[in-house]
Structures are given as C-alpha cells and as structure tokens.
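Pasting target.tsv here (TSV, C-alpha atoms):
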chain	number	residue	atom	x	y	z
A	1	PHE	CA	-15.02	-17.42	-7.48
A	2	PHE	CA	-16.52	-14.00	-6.82
A	3	TYR	CA	-20.20	-14.92	-7.10
A	4	ASN	CA	-21.77	-18.32	-6.57
A	5	GLY	CA	-25.29	-17.27	-7.49
A	6	SER	CA	-26.75	-17.32	-3.99
A	7	ASN	CA	-25.49	-14.28	-2.10
A	8	PRO	CA	-24.82	-11.03	-4.01
A	9	CYS	CA	-24.39	-8.89	-0.87
A	10	HIS	CA	-20.67	-8.33	-1.42
A	11	ILE	CA	-21.19	-7.28	-5.05
A	12	ILE	CA	-23.94	-4.85	-4.04
A	13	SER	CA	-21.82	-3.49	-1.16
A	14	ILE	CA	-18.73	-2.96	-3.30
A	15	SER	CA	-20.86	-1.27	-5.97
A	16	ILE	CA	-22.30	1.10	-3.35
A	17	SER	CA	-18.80	1.85	-2.06
A	18	LEU	CA	-17.50	2.55	-5.56
A	19	ALA	CA	-20.43	4.86	-6.29
A	20	GLN	CA	-19.70	6.86	-3.15
A	21	CYS	CA	-15.98	6.92	-3.93
A	22	TYR	CA	-16.71	8.16	-7.46
A	23	PHE	CA	-18.87	10.93	-6.02
A	24	PHE	CA	-16.22	11.97	-3.49
A	25	ILE	CA	-13.34	12.09	-5.97
A	26	HIS	CA	-15.28	14.70	-7.93
A	27	HIS	CA	-16.51	16.76	-4.98
A	28	LEU	CA	-13.86	16.63	-2.24
A	29	GLU	CA	-11.69	19.70	-1.97
A	30	PRO	CA	-8.01	18.88	-2.56
A	31	ASN	CA	-5.64	19.04	0.38
A	32	MET	CA	-1.97	19.92	0.56
A	33	ASP	CA	-0.73	16.33	0.68
A	34	GLU	CA	-2.38	15.46	-2.63
A	35	GLY	CA	-0.69	18.35	-4.35
A	36	THR	CA	2.75	17.63	-2.95
A	37	TYR	CA	2.62	13.90	-3.78
A	38	LEU	CA	1.55	14.55	-7.37
A	39	VAL	CA	3.84	17.48	-8.16
A	40	LYS	CA	6.90	16.02	-6.47
A	41	GLY	CA	6.18	12.58	-7.90
A	42	LYS	CA	6.06	13.97	-11.42
A	43	TYR	CA	9.25	15.94	-10.94
A	44	TYR	CA	11.05	12.95	-9.44
A	45	LEU	CA	10.01	10.66	-12.27
A	46	ASP	CA	10.77	13.02	-15.15
A	47	GLY	CA	14.19	13.87	-13.72
A	48	THR	CA	13.54	17.50	-12.82
A	49	TYR	CA	14.60	16.72	-9.26
A	50	GLN	CA	16.02	13.73	-7.43
A	51	LEU	CA	14.65	12.19	-4.27
A	52	PHE	CA	16.35	13.58	-1.16
A	53	GLU	CA	18.25	16.06	-3.32
A	54	PRO	CA	20.03	18.76	-1.29
A	55	PHE	CA	18.15	22.06	-1.62
A	56	GLY	CA	15.46	20.26	-3.65
A	57	PRO	CA	11.85	19.55	-2.70
A	58	ILE	CA	11.35	18.24	0.83
A	59	THR	CA	11.17	14.44	0.65
A	60	ASN	CA	9.52	13.63	3.94
A	61	LYS	CA	8.05	10.29	2.84
A	62	MET	CA	9.47	7.11	1.38
A	63	PRO	CA	10.07	6.85	-2.41
A	64	PHE	CA	7.06	4.68	-3.31
A	65	SER	CA	4.63	7.34	-2.07
A	66	PHE	CA	5.91	9.77	-4.70
A	67	TRP	CA	6.67	7.27	-7.47
A	68	ILE	CA	3.30	5.50	-7.43
A	69	LEU	CA	1.17	8.64	-7.33
A	70	GLY	CA	3.56	10.43	-9.68
A	71	LEU	CA	2.99	7.77	-12.34
A	72	THR	CA	-0.55	9.05	-12.77
A	73	GLN	CA	0.88	12.40	-13.83
A	74	VAL	CA	3.44	10.89	-16.22
A	75	TRP	CA	1.36	8.14	-17.82
A	76	PHE	CA	-1.97	9.97	-17.95
A	77	ARG	CA	-3.18	13.54	-18.12
A	78	PRO	CA	-1.54	15.65	-15.39
A	79	GLY	CA	-3.96	16.81	-12.75
A	80	LEU	CA	-5.84	15.79	-9.66
A	81	LEU	CA	-8.59	13.90	-11.53
A	82	SER	CA	-6.16	11.40	-13.06
A	83	ALA	CA	-4.76	10.59	-9.62
A	84	ARG	CA	-8.18	10.25	-8.01
A	85	LEU	CA	-9.46	7.96	-10.77
A	86	PHE	CA	-6.38	5.83	-10.13
A	87	VAL	CA	-7.35	5.84	-6.44
A	88	LEU	CA	-10.81	4.62	-7.46
A	89	ILE	CA	-9.19	1.56	-9.07
A	90	LEU	CA	-7.09	0.95	-5.97
A	91	PHE	CA	-10.18	1.25	-3.79
A	92	PHE	CA	-11.96	-1.34	-5.91
A	93	LEU	CA	-8.99	-3.72	-5.62
A	94	LEU	CA	-8.86	-3.11	-1.87
A	95	ASN	CA	-12.48	-4.22	-1.51
A	96	VAL	CA	-12.06	-7.26	-3.75
A	97	PHE	CA	-8.95	-8.58	-2.02
A	98	LEU	CA	-10.42	-7.80	1.40
A	99	TRP	CA	-13.47	-9.89	0.51
A	100	SER	CA	-11.27	-12.65	-0.93
A	101	SER	CA	-9.03	-12.77	2.15
A	102	VAL	CA	-11.95	-13.07	4.56
A	103	ASN	CA	-13.51	-15.65	2.25
A	104	LYS	CA	-10.40	-17.82	2.50
A	105	ILE	CA	-10.40	-17.67	6.30
A	106	PHE	CA	-14.06	-17.71	7.30
A	107	GLY	CA	-15.92	-18.74	4.18
A	108	TYR	CA	-18.23	-17.21	1.59
A	109	LYS	CA	-21.05	-16.15	3.93
A	110	TRP	CA	-18.86	-14.12	6.28
A	111	ALA	CA	-16.75	-12.57	3.51
A	112	ALA	CA	-19.45	-10.03	2.65
A	113	LEU	CA	-19.42	-8.50	6.14
A	114	PRO	CA	-16.27	-6.29	5.91
A	115	VAL	CA	-17.19	-4.84	2.51
A	116	MET	CA	-20.73	-4.20	3.78
A	117	VAL	CA	-19.30	-2.29	6.75
A	118	ILE	CA	-17.21	-0.15	4.40
A	119	SER	CA	-20.19	0.60	2.14
A	120	LEU	CA	-22.13	1.87	5.16
A	121	ASN	CA	-19.35	4.19	6.33
A	122	PRO	CA	-18.96	7.25	4.08
A	123	ALA	CA	-16.25	8.65	6.35
A	124	VAL	CA	-13.97	5.72	5.55
A	125	ILE	CA	-14.75	5.93	1.83
A	126	MET	CA	-14.07	9.66	1.88
A	127	TYR	CA	-10.72	8.99	3.56
A	128	TYR	CA	-9.73	6.61	0.77
A	129	SER	CA	-10.99	8.83	-2.04
A	130	ARG	CA	-8.03	11.20	-1.95
A	131	ALA	CA	-4.74	10.74	-3.77
A	132	ASN	CA	-2.81	10.05	-0.59
A	133	THR	CA	-0.66	7.16	0.59
A	134	GLN	CA	-3.27	5.65	2.90
A	135	ILE	CA	-5.09	3.80	0.12
A	136	ILE	CA	-1.80	2.54	-1.35
A	137	SER	CA	-0.47	1.21	1.94
A	138	ALA	CA	-3.86	-0.33	2.82
A	139	LEU	CA	-3.89	-2.22	-0.49
A	140	PHE	CA	-0.32	-3.44	0.09
A	141	ILE	CA	-1.33	-4.72	3.53
A	142	ILE	CA	-4.34	-6.61	2.17
A	143	LEU	CA	-2.28	-8.08	-0.67
A	144	SER	CA	0.47	-9.19	1.71
A	145	ILE	CA	-2.16	-11.11	3.68
A	146	TRP	CA	-3.96	-12.45	0.61
A	147	PHE	CA	-0.83	-13.99	-0.90
A	148	ILE	CA	-0.15	-16.20	2.13
A	149	LEU	CA	-3.72	-17.49	2.39
A	150	ASN	CA	-3.66	-19.64	-0.74
A	151	ASN	CA	-4.67	-23.25	-0.29
A	152	ASN	CA	-1.79	-24.54	-2.43
A	153	LEU	CA	0.87	-22.30	-0.95
A	154	LYS	CA	4.08	-22.00	-2.96
A	155	ILE	CA	7.31	-20.22	-2.14
A	156	TRP	CA	6.49	-17.51	-4.68
A	157	ASN	CA	3.28	-16.76	-2.71
A	158	LEU	CA	5.37	-16.04	0.37
A	159	ILE	CA	7.86	-13.96	-1.62
A	160	LEU	CA	5.11	-11.84	-3.19
A	161	GLY	CA	3.47	-11.43	0.20
A	162	ALA	CA	6.73	-10.27	1.74
A	163	LEU	CA	7.31	-7.86	-1.16
A	164	CYS	CA	3.88	-6.32	-0.55
A	165	ALA	CA	4.65	-6.10	3.17
A	166	VAL	CA	7.95	-4.31	2.59
A	167	SER	CA	6.24	-2.03	0.06
A	168	THR	CA	4.12	-0.68	2.90
A	169	VAL	CA	7.33	0.59	4.52
A	170	LEU	CA	8.65	1.94	1.23
A	171	THR	CA	5.40	3.92	0.98
A	172	ARG	CA	5.00	5.01	4.61
A	173	GLN	CA	7.95	4.68	6.99
A	174	ASN	CA	5.72	4.50	10.05
A	175	LEU	CA	4.54	1.06	8.87
A	176	LEU	CA	7.93	-0.51	9.56
A	177	PRO	CA	6.46	-2.38	12.60
A	178	TYR	CA	3.98	-4.09	10.27
A	179	TYR	CA	6.77	-5.42	8.07
A	180	VAL	CA	8.73	-6.66	11.09
A	181	LEU	CA	5.66	-8.41	12.53
A	182	TYR	CA	4.89	-9.89	9.11
A	183	ILE	CA	8.35	-11.46	8.88
A	184	PHE	CA	8.03	-12.84	12.40
A	185	PHE	CA	4.69	-14.34	11.42
A	186	LEU	CA	6.21	-16.04	8.37
A	187	PHE	CA	8.83	-17.76	10.53
A	188	TRP	CA	6.27	-18.69	13.19
A	189	GLU	CA	3.65	-20.00	10.77
A	190	PHE	CA	5.74	-21.59	8.00
A	191	GLY	CA	9.12	-22.30	9.60
A	192	TRP	CA	12.52	-20.95	8.73
A	193	ARG	CA	12.96	-23.07	5.58
A	194	LYS	CA	10.03	-21.38	3.86
A	195	ALA	CA	10.39	-17.98	5.50
A	196	VAL	CA	14.07	-17.38	4.80
A	197	TRP	CA	13.71	-16.61	1.07
A	198	PRO	CA	10.79	-14.17	1.40
A	199	THR	CA	12.72	-12.45	4.17
A	200	LEU	CA	15.95	-12.19	2.19
A	201	VAL	CA	14.26	-10.97	-1.00
A	202	SER	CA	12.14	-8.34	0.73
A	203	LEU	CA	15.03	-7.23	2.94
A	204	PHE	CA	17.24	-6.89	-0.14
A	205	ILE	CA	14.68	-4.57	-1.76
A	206	PHE	CA	14.36	-2.53	1.42
A	207	LEU	CA	18.11	-2.15	1.90
A	208	SER	CA	18.70	-1.42	-1.79
A	209	ILE	CA	16.21	1.47	-1.81
A	210	ASN	CA	17.77	2.89	1.33
A	211	ALA	CA	21.31	2.43	0.02
A	212	LEU	CA	20.36	4.24	-3.18
A	213	PHE	CA	19.57	7.43	-1.24
A	214	TRP	CA	21.96	7.04	1.69
A	215	PRO	CA	22.84	8.95	3.85
A	216	ARG	CA	20.17	11.64	3.39
A	217	ILE	CA	17.34	9.12	3.63
A	218	TYR	CA	18.59	8.20	7.09
A	219	THR	CA	18.85	11.83	8.18
A	220	ILE	CA	15.39	12.77	6.93
A	221	ILE	CA	13.36	9.58	7.30
A	222	TRP	CA	14.90	7.32	9.92
A	223	MET	CA	16.77	9.57	12.33
A	224	PRO	CA	13.59	10.82	14.10
A	225	TYR	CA	12.78	7.18	15.02
A	226	VAL	CA	16.24	6.34	16.35
A	227	PRO	CA	17.13	7.08	20.01
A	228	SER	CA	19.11	10.30	20.28
A	229	ILE	CA	21.98	8.55	22.03
A	230	ILE	CA	22.67	6.57	18.84
A	231	ASN	CA	22.63	9.65	16.64
A	232	LYS	CA	25.29	11.41	18.68

Would you put the structure from the file into structure tokens?
Amino acid sequence: FFYNGSNPCHIISISISLAQCYFFIHHLEPNMDEGTYLVKGKYYLDGTYQLFEPFGPITNKMPFSFWILGLTQVWFRPGLLSARLFVLILFFLLNVFLWSSVNKIFGYKWAALPVMVISLNPAVIMYYSRANTQIISALFIILSIWFILNNNLKIWNLILGALCAVSTVLTRQNLLPYYVLYIFFLFWEFGWRKAVWPTLVSLFIFLSINALFWPRIYTIIWMPYVPSIINK
C-alpha cells in the first residue's frame, strides 16, 4: 500500500520532514498559545475549571482545541515536550494521509509530490511543530477528505468523514465554512440518500457540544460572527 518497491520518494520526503519536525520541537521557543492550550486543557480535563466558566480562564477557542492538547498533560508527563511529541505523531499522520489521499485521486506517481513539497519547506514544518490547533485542524481536514475517497465507499465512510469535518469546527470556530462546504459537497457528489445520515450525525455532535455550554459559548465564540442587528 505505502511502498510498491519502485518509488521511495514519498518515504524519503516524509522521513526528512519528520527529522526537521523533531529538530524544531526541541529548539523552537514556546509561544503564548502553546502555554494557554496546555494549561487550560489540563485544568478543564481534571475538573479544576469548566469550559466557559464565569470568572474562569478565558475560553476563546472551541472545546476540542483544549481537550485534545490537554490530554497530553493528563495522560503523559506534564510539560511542553509531551505536547510537541504528540504533535510529531500528528504531523506524521498528516503526511501519510495526505499522500494516501493524493494517491487515490491521481495515482502513485503523483502522490509523492505534496509530501516532497512539505519536506522542502522548513517554514511549513516549523509552523506545524508547535502544540497549537493548526496541526490538529489540518489533520481533521485531510482525514475528512480521505474517508470519502475509498473505492468501496460505505455509509460509515461518509459518517466518519463528516465527523472529521465537524471536528475542525469544534477545534477552530473559523473553520465553520469548511464544514458547511463539506456537507454541500456530500449532497452534490453522493445524493441526499447517502448524505443525510452523515449530515445528521455530525450536526447532532456539533449542536450537542454547543448546547452543553450554552449560552456562554454563543456569547464568546459565535456572537462576533453574527451580524450586530441579530444580537440586539
């Protein structure tokens, strides 16, 4: 599947990218976002604080951004290194599923191109070497595409793809347009009979998370995106 014995370019490229990522996670100075995601995520998961708690930590991002990164502090040794090593795993998965997605569309020879481009761009690798939400949302986007490219497409493929698409929004609220466009694509490409269940399941998850923290999640997260005339 991953290597047919004739063209190892993608394996070499991903290895080069991982080596650079490993270097950066040990040498990049931490930024404020990394600290807030990790500390708040830990406190939210261990019950010290609640998401969107009045007079608690500022929750200016969606729950998944804190929960996913916070797990590295709860499950492993607390600290920046645990989170960045987790990011290294996510970066590896991002490259693998990117290669696999392109392979399904354009074939084995072309699939190496995007991972080669990444390996030659240290700025991109540096960007994805921090414990921020960009690498998480990028992986969710690639997975949402990968699931609907299977040759023997089943309904569960579409459901998992839609769950990954909605997870991008539950990680970063500014990716809501991606989820909307993804659902439109499902209806356009597969018809309403196949698209209705992925839509309902993913929409249920999205509404449930919002309902769990309503109304403060609307005030903090969604109100800035809504026209002022509606908020009056």

Q: For each of A:Leu51, A:Cys164, A:Ala131, A:Ile221, take the minimum atom-to-atom distance to A:Tyr37, counting all atoms listed in the file, then give the residue where this is smallest.
A: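 Looking at the shortest contact to A:Tyr37, the residue is A:Ala131.
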
Q: Please tell me which residues are no farther than 9 Å from (-15.4, -0.3, -3.0) in the file, counting all atoms listed in the file, and write them as a PyMOL selection string.
A: chain A and resi 13-21+88-96+115+118-119+125

**Q.** Within 6 Å of file point (11.3, 5.4, 4.2), counting all atoms listed in the file, expressed as a PyMOL selection string
**A.** chain A and resi 62+170+173+221

**Q.** Point-to-point distance in Å for atom CA of A:His10 and atom CA of A:Ala112
**A.** 4.6 Å

(Q) Between atom CA of A:Trp188 and atom CA of A:Ala162, what is the distance in Å, rounded to a tenth? (A)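 These two atoms are separated by 14.2 Å.
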
Q) For A:Ile136, which residue among A:Val39, A:Leu120, A:Leu69, A:Phe187 is the nearest when counting all atoms listed in the file? A)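 Closest to A:Ile136, using all atoms listed in the file: A:Leu69.
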
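For the pair atom CA of A:Thr199 and atom CA of A:Tyr178, the interatomic distance is 13.5 Å.
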
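Nearest to A:Val196 of all the residues A:Pro215, A:Arg130, A:Gln73, A:Ile159 is A:Ile159, based on only C-alpha atoms.
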
For A:Val180, find every residue with an atom within 10 Å (counting all atoms listed in the file), except residues of its own chain fewer than 2 positions away, and show them as a compact mmCIF listing (two decimals) with C-alpha atoms, in the frame of the given file.
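The result, written out as selection00.txt:
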# COMPACT_ATOMS: atom_id res chain seq x y z
CA ALA A 165 4.65 -6.10 3.17
CA VAL A 166 7.95 -4.31 2.59
CA VAL A 169 7.33 0.59 4.52
CA LEU A 175 4.54 1.06 8.87
CA LEU A 176 7.93 -0.51 9.56
CA PRO A 177 6.46 -2.38 12.60
CA TYR A 178 3.98 -4.09 10.27
CA TYR A 182 4.89 -9.89 9.11
CA ILE A 183 8.35 -11.46 8.88
CA PHE A 184 8.03 -12.84 12.40
CA PHE A 185 4.69 -14.34 11.42
CA THR A 199 12.72 -12.45 4.17

Q: Determine the nearest neighbour of A:Ile145 from the options A:Lys104, A:Arg172, A:Lys194, A:Lys109, counting only C-alpha atoms.
A: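 For A:Ile145, the nearest of the given residues is A:Lys104.
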
Q: Give the answer as one residue: which of A:Leu38, A:Leu163, A:Leu149, A:Ile155 has the shortest atom-to-atom distance to A:Pro78, using all atoms listed in the file?
A: A:Leu38

Q: Please identify all polymer residues within 10 Å of A:Ile220, counting all atoms listed in the file, omitting same-chain residues fewer than 3 positions from it, and present them as a PyMOL selection string.
A: chain A and resi 52+58-62+215-217+223-224

**Q.** Option closest in space to A:Ile25, from A:Tyr127, A:Trp214, A:Tyr108, A:Tyr43 [counting all atoms listed in the file]
**A.**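 Distance minimum relative to A:Ile25 lands on A:Tyr127.
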
Centre, x/y/z edge lengths, axis-aligned box for stretch 161-175 of chain A with 8 Å per side, as JSON:
{"center_x": 6.1, "center_y": -3.2, "center_z": 4.4, "size_x": 21.2, "size_y": 32.4, "size_z": 27.2}
